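Asker: One structure is given below, represented as structure tokens, and several questions about it will come after.
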Amino acid sequence: MTGAVKDELVPHPVKDQLPGVDYCINSNPSWAEGVILGFQHYLVMLGTTVIIPTIIVPQMGGGNVEKAQVIQTLLFVAGVNTLLQSWFGTRLPVVIGGSFRFIMPAIFIALSNRYNTYLDPRERFKQSMRSMQGALMIASVLPTLAGFLGFWRIVTRFLCPLSKAPLVLLVGFGLYEQGFPLLGECVEIGLPELVLLILLSQFIPHMWTLKQPIFERFAVLLSVGIVWAFAAFLTVAGAYKNRPPQTQFSCRVDRSGLVSGASWIRFPYPLQWGIPNVDVGQVFLMMAAVLVSLIESTGGFIAAARYGSATYCPASILSRGAGWLGLSTFVNGLWGTPTGSTVSVENVGLLAMTRVGSRRVVQISAVFMLFFSVLGKFGAILASIPLPIIGALYCVLFALMSAAGFDLLQFCNLNSYRTKFILGFSIYMGLSVPQYFNGYVITTGRGPVQSGSATFDQIMQVIFTSPAAVAGVIAYLLDMTLARRHPLTRKDSGRHWWAKFKYYSRDPRSEDFYSLPYGLSKYFPSV
């Protein structure tokens with residue numbers, strides 16, 4: 001009779017690359033499976049693509065037709081920008097879509113008094129959109145120059161696991177208002193979607209072993225299809241016939257107005273709303289949003305590299321990605337959208353759920369974006385999925401994306417009081433400061449910064465309502481200044497481990513994951 005096996009009382013080993021990933025960045029599933037996974041990525045990014053115009057377009061004077069056109073345009077530029085980033089930017093499997101951080105400056109612009117003179121709603125929409133275009137196109141210069149001239153490389157070289165962890169954590173956790181509150185707008189379809197998604201992706205794979213990991217890999221498609229059909233049944237059965245208008249808008253499958261507003265075929269094209277206008281104050285306002293988006297996207301790149309089973313991004317690769325992110329924002333402004341570009345947080349979470357970090361899959365999803373941006377009616381049918389279902393997806397996908405931040409703590413000394421203070425204080429302030437700024441607006445109707453300059457006040461509101469930006473900057477500054485010369489600080493913060501990733505050439509694996517295609521690395525070397 002053998003005795004019980006004793007537990008090994010040793011910590012888990014540190015892993016440079018995440019184990020258990022079925023397909024890393026450079027490996028690909030079969031074409032058939034890749035197409036299905038690409039369509040799933042497209043389905044996931046639709047939520048943000050629909051929510052942003054749904055909030056902004058009515059404030060600009062637009063109706064369902066304008067909202068459908070903006071969604072089609074957002075889909076088109078997202079497809080283009082995703083292909084550019086995956087080919088020539090960081091080379092990571094990231095979807096480049098719209099950002100929630102541009103909603104506030106867009107609304108500030110849309111509600112400017114200068115547009116009250118336009119009595120025709122369509123003309124008011126066009127004029128405010130032209131102002132957003134001009135502001136976005138000029139503001140895009142900031143990340144473009146910071147990236148391609150190497151300024152962002154200098155900044156990110158001082159990052160270490162300790163300062164990166166709060167940034168990555170708050171990129172997803174900071175979007176908590178988009179999760180269960182959105183689900184709660186129609187609990188009878190949102191909650192079943194959340195429960196079913198967790199069952200399919202987490203529980204059933206451990207209870208029922210198949211040759212192919214169907215449930216965890218396609219959990220989003222399966223759960224959304226089932227609950228969407230259930231929502232359609234409730235709509236047809238008249239379950240919401242006598243309910244309040246807001247409930248009908250959230251729960252019914254026929255209230256988005258997108259199908260009726262969309263054209264059968266429409267090609268988004270540059271300057272479709274007219275020649276952009278430029279206002280200096282609005283440019284600086286958009287620059288604040290662009291800066292916040294760049295900080296959050298850096299956290300998204302770090303998480304995507306982890307879930308693609310790549311090594312962590314060298315500083316030069318993050319800088320290259322920042323440059324292409326700036327060009328993506330320019331494309332957004334040129335084509336006419338109210339938002340700049342950022343890394344899609346929910347799609348990074350989907351990499352973790354499916355355990356497929358293949359670059360090709362994300363590029364296939366970009367083809368779906370381009371396809372459905374042109375075929376408006378078909379794209380509108382998919383985009384009319386009730387938002388509470390999207391909120392349920394966010395609850396899981398935002399959480400999975402943020403969990404990549406916990407991975408960074410394996411390189412830090414958690415027994416150090418310095419480590420505990422930087423982590424705890426930065427994360428707490430990243431949640432508390434935006435709460436203060438948002439709460440002040442709710443109670444008083446204006447932001448807490450009242451300098452006498454409306455533009456400056458709005459810029460401060462944009463910056464300090466981003467949890468990731470607040471937490472990331474605080475952690476970065478504290479790590480750079482607190483007990484910097486102490487002999488244990490370098491190891492406690494994981495800086496000794498990060499040293500090999502500060503420069504592209506120090507780790508031979510960087511060439512495998514981040515080199516440019518078509519031999520372009522010879523002409524544009526990373527350092």
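Residue numbering restarts at 1 in every chain; chains get A, B, ... in the order shown in the structure tokens, and ligands count up from 1 in that same order.
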What are the nearest atom pairs, with distances in Å to one decimal, for all residues of region 155-216 of chain A that come at most 8 Å from region 289-313 of chain A, using only C-alpha atoms, set out by chain and rising residue number as a Markdown table?

Answerer:
```
| residue | atom | partner | partner_atom | distance |
| --- | --- | --- | --- | --- |
| A:Lys164 | CA | A:Gly299 | CA | 7.4 |
| A:Leu167 | CA | A:Gly299 | CA | 5.9 |
| A:Val168 | CA | A:Gly299 | CA | 4.6 |
| A:Val171 | CA | A:Glu296 | CA | 5.9 |
```

Asker: Write out as CSV the residues of region 16-60 of chain A that have any atom within 7 Å of an atom of region 366-387 of chain A, one row each with the nearest atom pair and its distance in Å to one decimal, counting only C-alpha atoms, sorted by chain and then rising number.

Answerer:
```
residue,atom,partner,partner_atom,distance
A:Phe39,CA,A:Phe368,CA,6.6
A:Tyr42,CA,A:Met369,CA,6.5
A:Leu46,CA,A:Ala383,CA,6.2
A:Val50,CA,A:Ala383,CA,6.7
```

Asker: Write a file of the just-selected residues containing C-alpha atoms, as a PDB file, in the first residue's frame.

Answerer:
```
ATOM      1  CA  PHE A  39     -16.367  35.681 -37.338  1.00  0.00           C
ATOM      2  CA  TYR A  42     -16.116  40.219 -35.457  1.00  0.00           C
ATOM      3  CA  LEU A  46     -19.683  44.789 -32.713  1.00  0.00           C
ATOM      4  CA  VAL A  50     -22.731  49.948 -31.901  1.00  0.00           C
TER       5      VAL A  50
END
```

Asker: Enumerate the residues of region 20-118 of chain A with a DSSP assignment of strand (DSSP E or B), computed from the backbone, and present them as a VMD selection string.

Answerer: chain A and resid 23 96 to 98

Asker: May I have the selected residues written with all heavy atoms, as an mmCIF file, in the first residue's frame?

Answerer:
```
data_model
loop_
_atom_site.group_PDB
_atom_site.id
_atom_site.type_symbol
_atom_site.label_atom_id
_atom_site.label_comp_id
_atom_site.auth_asym_id
_atom_site.auth_seq_id
_atom_site.Cartn_x
_atom_site.Cartn_y
_atom_site.Cartn_z
ATOM 1 N N TYR A 23 -2.980 27.837 -30.048
ATOM 2 C CA TYR A 23 -2.352 28.415 -31.242
ATOM 3 C C TYR A 23 -1.744 29.756 -30.842
ATOM 4 O O TYR A 23 -2.462 30.660 -30.418
ATOM 5 C CB TYR A 23 -3.369 28.632 -32.373
ATOM 6 C CG TYR A 23 -3.982 27.356 -32.899
ATOM 7 C CD1 TYR A 23 -5.223 26.919 -32.450
ATOM 8 C CD2 TYR A 23 -3.313 26.576 -33.841
ATOM 9 C CE1 TYR A 23 -5.795 25.750 -32.918
ATOM 10 C CE2 TYR A 23 -3.873 25.403 -34.321
ATOM 11 C CZ TYR A 23 -5.113 24.990 -33.852
ATOM 12 O OH TYR A 23 -5.659 23.834 -34.329
ATOM 13 N N ILE A 96 -8.342 46.575 -33.718
ATOM 14 C CA ILE A 96 -8.269 48.014 -33.483
ATOM 15 C C ILE A 96 -9.641 48.603 -33.784
ATOM 16 O O ILE A 96 -10.077 48.645 -34.931
ATOM 17 C CB ILE A 96 -7.199 48.682 -34.355
ATOM 18 C CG1 ILE A 96 -5.841 48.022 -34.120
ATOM 19 C CG2 ILE A 96 -7.135 50.177 -34.070
ATOM 20 C CD1 ILE A 96 -5.314 48.140 -32.707
ATOM 21 N N GLY A 97 -10.347 49.015 -32.736
ATOM 22 C CA GLY A 97 -11.701 49.533 -32.897
ATOM 23 C C GLY A 97 -11.877 50.874 -32.214
ATOM 24 O O GLY A 97 -10.912 51.566 -31.880
ATOM 25 N N GLY A 98 -13.139 51.252 -32.015
ATOM 26 C CA GLY A 98 -13.452 52.512 -31.361
ATOM 27 C C GLY A 98 -13.179 52.442 -29.870
ATOM 28 O O GLY A 98 -13.083 51.366 -29.274
#
```

Asker: Find the residue from A:Gln40, A:Lys126, A:Leu194, A:Ser112 that sits nearest to Ala392 (chain A); use only C-alpha atoms when measuring.

Answerer: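 Nearest to Ala392 (chain A): A:Leu194.
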
Asker: Which residues are near Ile463 (chain A)? Cut-off 12 Å, only C-alpha atoms, ignore same chain within fewer than 6 positions. Put them as JSON, numbers by chain.

Answerer: {"A": [101, 102, 104, 105, 284, 285, 286, 287, 288, 289, 290, 291, 292, 293, 294, 295, 296, 430, 433, 434, 437, 438, 447, 449, 456, 457, 469, 470, 471, 472, 473]}

Asker: Restricting the output to N, CA and C atoms, write the selected residues as a PDB file, in the first residue's frame.

Answerer:
```
ATOM      1  N   ARG A 101     -13.283  56.120 -24.537  1.00  0.00           N
ATOM      2  CA  ARG A 101     -12.679  57.340 -24.005  1.00  0.00           C
ATOM      3  C   ARG A 101     -12.911  58.547 -24.900  1.00  0.00           C
ATOM      4  N   PHE A 102     -13.404  58.343 -26.112  1.00  0.00           N
ATOM      5  CA  PHE A 102     -13.703  59.465 -26.993  1.00  0.00           C
ATOM      6  C   PHE A 102     -15.154  59.916 -26.892  1.00  0.00           C
ATOM      7  N   MET A 104     -16.786  61.176 -24.280  1.00  0.00           N
ATOM      8  CA  MET A 104     -16.898  62.448 -23.563  1.00  0.00           C
ATOM      9  C   MET A 104     -16.480  63.645 -24.418  1.00  0.00           C
ATOM     10  N   PRO A 105     -15.289  63.635 -25.047  1.00  0.00           N
ATOM     11  CA  PRO A 105     -14.955  64.794 -25.891  1.00  0.00           C
ATOM     12  C   PRO A 105     -15.882  64.953 -27.078  1.00  0.00           C
ATOM     13  N   PHE A 284      -7.208  70.189 -28.832  1.00  0.00           N
ATOM     14  CA  PHE A 284      -6.567  69.833 -27.562  1.00  0.00           C
ATOM     15  C   PHE A 284      -7.433  68.862 -26.759  1.00  0.00           C
ATOM     16  N   LEU A 285      -8.746  68.993 -26.868  1.00  0.00           N
ATOM     17  CA  LEU A 285      -9.651  68.068 -26.188  1.00  0.00           C
ATOM     18  C   LEU A 285      -9.485  66.657 -26.736  1.00  0.00           C
ATOM     19  N   MET A 286      -9.407  66.535 -28.052  1.00  0.00           N
ATOM     20  CA  MET A 286      -9.200  65.228 -28.658  1.00  0.00           C
ATOM     21  C   MET A 286      -7.801  64.691 -28.376  1.00  0.00           C
ATOM     22  N   MET A 287      -6.829  65.581 -28.267  1.00  0.00           N
ATOM     23  CA  MET A 287      -5.471  65.134 -27.918  1.00  0.00           C
ATOM     24  C   MET A 287      -5.461  64.449 -26.551  1.00  0.00           C
ATOM     25  N   ALA A 288      -6.242  64.969 -25.613  1.00  0.00           N
ATOM     26  CA  ALA A 288      -6.329  64.343 -24.295  1.00  0.00           C
ATOM     27  C   ALA A 288      -6.888  62.931 -24.417  1.00  0.00           C
ATOM     28  N   ALA A 289      -7.938  62.771 -25.234  1.00  0.00           N
ATOM     29  CA  ALA A 289      -8.521  61.442 -25.435  1.00  0.00           C
ATOM     30  C   ALA A 289      -7.553  60.519 -26.151  1.00  0.00           C
ATOM     31  N   VAL A 290      -6.812  61.052 -27.118  1.00  0.00           N
ATOM     32  CA  VAL A 290      -5.823  60.255 -27.851  1.00  0.00           C
ATOM     33  C   VAL A 290      -4.719  59.768 -26.905  1.00  0.00           C
ATOM     34  N   LEU A 291      -4.272  60.635 -25.999  1.00  0.00           N
ATOM     35  CA  LEU A 291      -3.243  60.249 -25.035  1.00  0.00           C
ATOM     36  C   LEU A 291      -3.747  59.142 -24.112  1.00  0.00           C
ATOM     37  N   VAL A 292      -4.964  59.296 -23.614  1.00  0.00           N
ATOM     38  CA  VAL A 292      -5.550  58.270 -22.743  1.00  0.00           C
ATOM     39  C   VAL A 292      -5.685  56.954 -23.508  1.00  0.00           C
ATOM     40  N   SER A 293      -6.139  57.043 -24.750  1.00  0.00           N
ATOM     41  CA  SER A 293      -6.299  55.840 -25.575  1.00  0.00           C
ATOM     42  C   SER A 293      -4.961  55.153 -25.814  1.00  0.00           C
ATOM     43  N   LEU A 294      -3.903  55.941 -25.997  1.00  0.00           N
ATOM     44  CA  LEU A 294      -2.567  55.370 -26.200  1.00  0.00           C
ATOM     45  C   LEU A 294      -2.103  54.619 -24.951  1.00  0.00           C
ATOM     46  N   ILE A 295      -2.328  55.202 -23.781  1.00  0.00           N
ATOM     47  CA  ILE A 295      -1.941  54.534 -22.533  1.00  0.00           C
ATOM     48  C   ILE A 295      -2.710  53.224 -22.373  1.00  0.00           C
ATOM     49  N   GLU A 296      -4.017  53.268 -22.610  1.00  0.00           N
ATOM     50  CA  GLU A 296      -4.826  52.057 -22.462  1.00  0.00           C
ATOM     51  C   GLU A 296      -4.445  51.008 -23.506  1.00  0.00           C
ATOM     52  N   GLY A 430      -6.742  54.578  -9.055  1.00  0.00           N
ATOM     53  CA  GLY A 430      -7.273  54.401 -10.403  1.00  0.00           C
ATOM     54  C   GLY A 430      -8.770  54.190 -10.422  1.00  0.00           C
ATOM     55  N   VAL A 433     -10.275  58.092  -8.132  1.00  0.00           N
ATOM     56  CA  VAL A 433     -10.217  59.401  -8.797  1.00  0.00           C
ATOM     57  C   VAL A 433     -11.274  59.530  -9.902  1.00  0.00           C
ATOM     58  N   PRO A 434     -11.400  58.558 -10.831  1.00  0.00           N
ATOM     59  CA  PRO A 434     -12.475  58.675 -11.827  1.00  0.00           C
ATOM     60  C   PRO A 434     -13.874  58.701 -11.203  1.00  0.00           C
ATOM     61  N   PHE A 437     -14.468  62.286 -10.132  1.00  0.00           N
ATOM     62  CA  PHE A 437     -14.739  63.179 -11.258  1.00  0.00           C
ATOM     63  C   PHE A 437     -16.121  62.918 -11.856  1.00  0.00           C
ATOM     64  N   ASN A 438     -16.483  61.648 -12.025  1.00  0.00           N
ATOM     65  CA  ASN A 438     -17.802  61.322 -12.575  1.00  0.00           C
ATOM     66  C   ASN A 438     -18.915  61.716 -11.610  1.00  0.00           C
ATOM     67  N   GLY A 447     -17.535  69.545 -14.059  1.00  0.00           N
ATOM     68  CA  GLY A 447     -16.411  68.839 -13.470  1.00  0.00           C
ATOM     69  C   GLY A 447     -15.819  69.575 -12.285  1.00  0.00           C
ATOM     70  N   VAL A 449     -12.693  70.458 -11.791  1.00  0.00           N
ATOM     71  CA  VAL A 449     -11.692  71.448 -12.193  1.00  0.00           C
ATOM     72  C   VAL A 449     -12.419  72.630 -12.831  1.00  0.00           C
ATOM     73  N   PHE A 456      -9.828  73.634 -20.902  1.00  0.00           N
ATOM     74  CA  PHE A 456      -8.915  73.008 -19.939  1.00  0.00           C
ATOM     75  C   PHE A 456      -9.681  72.137 -18.954  1.00  0.00           C
ATOM     76  N   ASP A 457     -10.812  72.608 -18.482  1.00  0.00           N
ATOM     77  CA  ASP A 457     -11.629  71.832 -17.545  1.00  0.00           C
ATOM     78  C   ASP A 457     -12.065  70.505 -18.177  1.00  0.00           C
ATOM     79  N   ALA A 469      -5.466  55.057 -17.102  1.00  0.00           N
ATOM     80  CA  ALA A 469      -4.498  56.143 -17.223  1.00  0.00           C
ATOM     81  C   ALA A 469      -4.061  56.628 -15.846  1.00  0.00           C
ATOM     82  N   VAL A 470      -5.012  56.792 -14.929  1.00  0.00           N
ATOM     83  CA  VAL A 470      -4.680  57.258 -13.585  1.00  0.00           C
ATOM     84  C   VAL A 470      -3.799  56.241 -12.868  1.00  0.00           C
ATOM     85  N   ALA A 471      -4.205  54.968 -12.879  1.00  0.00           N
ATOM     86  CA  ALA A 471      -3.437  53.930 -12.184  1.00  0.00           C
ATOM     87  C   ALA A 471      -2.073  53.730 -12.826  1.00  0.00           C
ATOM     88  N   GLY A 472      -2.029  53.719 -14.154  1.00  0.00           N
ATOM     89  CA  GLY A 472      -0.767  53.494 -14.844  1.00  0.00           C
ATOM     90  C   GLY A 472       0.241  54.596 -14.590  1.00  0.00           C
ATOM     91  N   VAL A 473      -0.203  55.844 -14.647  1.00  0.00           N
ATOM     92  CA  VAL A 473       0.714  56.968 -14.428  1.00  0.00           C
ATOM     93  C   VAL A 473       1.204  56.990 -12.980  1.00  0.00           C
TER      94      VAL A 473
END
```

Asker: List the neighbours of region 53-67 of chain A out to 6 Å using only C-alpha atoms; skip same-chain residues closer than 5 positions along the sequence, and give me the result as a ChimeraX atom specification.

Answerer: /A:110,121,124-125,257,261

Asker: Write the residues of the preceding selection, restricted to C-alpha atoms, as a PDB file, in the first residue's frame.

Answerer:
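Here's the written file result.pdb:
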```pdb
ATOM      1  CA  ALA A 110     -21.622  67.935 -30.233  1.00  0.00           C
ATOM      2  CA  PRO A 121     -30.865  67.959 -37.684  1.00  0.00           C
ATOM      3  CA  ARG A 124     -26.260  69.899 -37.470  1.00  0.00           C
ATOM      4  CA  PHE A 125     -25.006  66.308 -37.552  1.00  0.00           C
ATOM      5  CA  GLY A 257     -33.440  51.021 -35.842  1.00  0.00           C
ATOM      6  CA  GLY A 261     -31.656  52.880 -41.322  1.00  0.00           C
TER       7      GLY A 261
END
```

Asker: What is the distance, in Å and to one decimal place, between CA of Ala239 (chain A) and CA of Val187 (chain A)?

Answerer: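 A separation of 13.5 Å between them.
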
Asker: Nearest to Gln69 (chain A) among A:Ser515, A:Thr49, A:Asn116, A:Ser466, with distances taken over only C-alpha atoms: which residue is it?

Answerer: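 Closest to Gln69 (chain A) of all the choices is A:Thr49.
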
Asker: Could you tell me how far CA of Ile474 (chain A) sits from CA of Leu409 (chain A), in Å to one decimal place?

Answerer: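 Separating CA of Leu409 (chain A) from CA of Ile474 (chain A) is a distance of 17.0 Å.
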
Asker: Looking only at the backbone, which of the residues in region 63-286 of chain A does DSSP tag as alpha helix (DSSP H), as a PyMOL selection string?

Answerer: chain A and resi 64-88+103-110+121-139+141-148+151-156+161-173+180-183+187-198+204-207+214-217+219-236+245-251+258-261+280-286

Asker: Please produce an output containing C-alpha atoms for each residue in the selection, written as a CSV table (one decimal), in the first residue's frame.

Answerer:
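Writing done, so here's again-v8.csv:
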```csv
chain,number,residue,atom,x,y,z
A,64,ASN,CA,-31.3,56.0,-37.3
A,65,VAL,CA,-29.9,56.6,-40.8
A,66,GLU,CA,-26.9,58.6,-39.6
A,67,LYS,CA,-26.3,56.1,-36.8
A,68,ALA,CA,-26.3,53.2,-39.3
A,69,GLN,CA,-23.9,55.1,-41.6
A,70,VAL,CA,-21.5,55.9,-38.7
A,71,ILE,CA,-21.5,52.2,-37.6
A,72,GLN,CA,-20.7,51.1,-41.2
A,73,THR,CA,-17.9,53.6,-41.3
A,74,LEU,CA,-16.5,52.5,-37.9
A,75,LEU,CA,-16.6,48.9,-39.1
A,76,PHE,CA,-14.8,49.8,-42.3
A,77,VAL,CA,-11.9,51.7,-40.6
A,78,ALA,CA,-11.7,49.0,-37.9
A,79,GLY,CA,-11.1,46.4,-40.6
A,80,VAL,CA,-8.4,48.6,-42.3
A,81,ASN,CA,-6.7,49.5,-39.0
A,82,THR,CA,-6.7,45.9,-37.7
A,83,LEU,CA,-5.0,44.7,-40.8
A,84,LEU,CA,-2.4,47.6,-40.6
A,85,GLN,CA,-1.6,46.9,-37.0
A,86,SER,CA,-1.3,43.2,-37.4
A,87,TRP,CA,0.9,43.5,-40.5
A,88,PHE,CA,3.1,46.5,-39.8
A,103,ILE,CA,-17.4,59.6,-26.0
A,104,MET,CA,-16.9,62.4,-23.6
A,105,PRO,CA,-15.0,64.8,-25.9
A,106,ALA,CA,-17.3,63.9,-28.8
A,107,ILE,CA,-20.3,64.9,-26.7
A,108,PHE,CA,-18.6,68.1,-25.5
A,109,ILE,CA,-18.1,69.0,-29.2
A,110,ALA,CA,-21.6,67.9,-30.2
A,121,PRO,CA,-30.9,68.0,-37.7
A,122,ARG,CA,-29.0,66.4,-40.7
A,123,GLU,CA,-27.0,69.6,-41.2
A,124,ARG,CA,-26.3,69.9,-37.5
A,125,PHE,CA,-25.0,66.3,-37.6
A,126,LYS,CA,-22.7,67.0,-40.5
A,127,GLN,CA,-21.3,70.2,-39.0
A,128,SER,CA,-20.5,68.6,-35.6
A,129,MET,CA,-19.0,65.5,-37.4
A,130,ARG,CA,-16.7,67.8,-39.5
A,131,SER,CA,-15.4,69.4,-36.3
A,132,MET,CA,-14.7,65.9,-34.8
A,133,GLN,CA,-13.0,64.9,-38.0
A,134,GLY,CA,-10.7,67.9,-38.0
A,135,ALA,CA,-9.9,67.5,-34.3
A,136,LEU,CA,-9.2,63.8,-34.7
A,137,MET,CA,-6.9,64.2,-37.7
A,138,ILE,CA,-4.7,66.8,-36.0
A,139,ALA,CA,-4.7,65.1,-32.7
A,141,VAL,CA,-0.2,63.6,-34.9
A,142,LEU,CA,0.6,63.1,-31.2
A,143,PRO,CA,0.8,59.3,-31.0
A,144,THR,CA,2.1,59.1,-34.6
A,145,LEU,CA,5.2,61.2,-33.8
A,146,ALA,CA,5.5,59.7,-30.3
A,147,GLY,CA,5.6,56.3,-31.8
A,148,PHE,CA,7.7,56.7,-35.0
A,151,PHE,CA,9.5,59.0,-27.7
A,152,TRP,CA,7.1,56.3,-26.6
A,153,ARG,CA,10.0,53.8,-26.8
A,154,ILE,CA,11.8,55.9,-24.2
A,155,VAL,CA,8.8,56.1,-22.0
A,156,THR,CA,8.0,52.4,-22.1
A,161,PRO,CA,6.2,44.3,-14.2
A,162,LEU,CA,5.3,46.3,-11.1
A,163,SER,CA,4.3,49.4,-13.0
A,164,LYS,CA,2.7,47.5,-15.8
A,165,ALA,CA,0.4,45.4,-13.6
A,166,PRO,CA,-2.0,48.2,-12.4
A,167,LEU,CA,-2.2,49.5,-16.0
A,168,VAL,CA,-3.2,46.2,-17.5
A,169,LEU,CA,-5.6,45.4,-14.6
A,170,LEU,CA,-7.4,48.7,-14.9
A,171,VAL,CA,-7.8,48.6,-18.7
A,172,GLY,CA,-10.5,46.0,-18.3
A,173,PHE,CA,-11.6,46.5,-14.7
A,180,PHE,CA,-23.4,44.3,-15.5
A,181,PRO,CA,-25.1,47.7,-15.6
A,182,LEU,CA,-25.6,47.1,-19.4
A,183,LEU,CA,-26.6,43.5,-18.7
A,187,VAL,CA,-32.0,40.8,-17.0
A,188,GLU,CA,-34.2,38.2,-18.6
A,189,ILE,CA,-31.9,37.9,-21.6
A,190,GLY,CA,-28.6,39.3,-20.1
A,191,LEU,CA,-28.4,36.9,-17.2
A,192,PRO,CA,-29.0,33.7,-19.2
A,193,GLU,CA,-26.3,34.8,-21.6
A,194,LEU,CA,-23.8,35.3,-18.8
A,195,VAL,CA,-24.7,32.0,-17.1
A,196,LEU,CA,-24.6,30.1,-20.4
A,197,LEU,CA,-21.3,31.6,-21.5
A,198,ILE,CA,-19.7,30.6,-18.3
A,204,ILE,CA,-18.6,21.9,-19.6
A,205,PRO,CA,-15.1,21.4,-21.0
A,206,HIS,CA,-14.1,19.9,-17.6
A,207,MET,CA,-17.2,17.7,-17.4
A,214,ILE,CA,-15.8,23.0,-29.3
A,215,PHE,CA,-17.5,24.5,-26.3
A,216,GLU,CA,-14.7,26.7,-24.9
A,217,ARG,CA,-13.5,27.7,-28.4
A,219,ALA,CA,-18.7,29.6,-26.5
A,220,VAL,CA,-19.5,33.1,-27.6
A,221,LEU,CA,-21.2,32.0,-30.9
A,222,LEU,CA,-23.2,29.2,-29.2
A,223,SER,CA,-24.4,31.3,-26.3
A,224,VAL,CA,-25.2,34.4,-28.3
A,225,GLY,CA,-27.1,32.3,-30.9
A,226,ILE,CA,-29.2,30.6,-28.2
A,227,VAL,CA,-30.0,33.7,-26.2
A,228,TRP,CA,-30.6,35.9,-29.2
A,229,ALA,CA,-33.2,33.3,-30.5
A,230,PHE,CA,-34.7,33.3,-27.0
A,231,ALA,CA,-35.0,37.1,-27.1
A,232,ALA,CA,-36.6,36.9,-30.6
A,233,PHE,CA,-39.1,34.5,-29.2
A,234,LEU,CA,-40.0,36.8,-26.3
A,235,THR,CA,-40.3,39.7,-28.8
A,236,VAL,CA,-42.7,37.8,-31.1
A,245,PRO,CA,-40.0,52.3,-24.0
A,246,GLN,CA,-36.6,51.9,-22.5
A,247,THR,CA,-37.3,48.3,-21.6
A,248,GLN,CA,-38.5,47.6,-25.2
A,249,PHE,CA,-35.4,49.3,-26.6
A,250,SER,CA,-33.1,47.1,-24.4
A,251,CYS,CA,-34.9,43.8,-24.7
A,258,LEU,CA,-30.3,49.8,-37.6
A,259,VAL,CA,-31.9,47.5,-40.2
A,260,SER,CA,-34.3,50.2,-41.3
A,261,GLY,CA,-31.7,52.9,-41.3
A,280,VAL,CA,-8.0,74.7,-31.5
A,281,GLY,CA,-9.8,74.0,-28.3
A,282,GLN,CA,-11.5,70.9,-29.7
A,283,VAL,CA,-8.1,69.7,-31.1
A,284,PHE,CA,-6.6,69.8,-27.6
A,285,LEU,CA,-9.7,68.1,-26.2
A,286,MET,CA,-9.2,65.2,-28.7
```

Asker: Do you have the CA of Gln410 (chain A)-CA of Gly424 (chain A) distance handy?

Answerer: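 Those two atoms sit 16.0 Å apart.
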
Asker: Using only C-alpha atoms, pick whichever of A:Trp273, A:Tyr115, A:Ser526, A:Pro244 has the shortest atom-to-atom distance to Lys502 (chain A).

Answerer: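 Nearest candidate to Lys502 (chain A) out of A:Trp273, A:Tyr115, A:Ser526, A:Pro244: A:Ser526.
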
Asker: Give me the residues near Asn28 (chain A) as a list of chain:residue names, where near means some atom within 12 Å (using only C-alpha atoms) and where sequence neighbours in that chain fewer than 5 positions away do not count.

Answerer: A:Val21, A:Asp22, A:Tyr23, A:Glu33, A:Gly34, A:Val35, A:Leu37, A:Gly38, A:Pro93, A:Gly308, A:Arg355, A:Val356, A:Gly357, A:Ser358, A:Arg359, A:Arg360, A:Val361, A:Val362, A:Gln363, A:Ile364
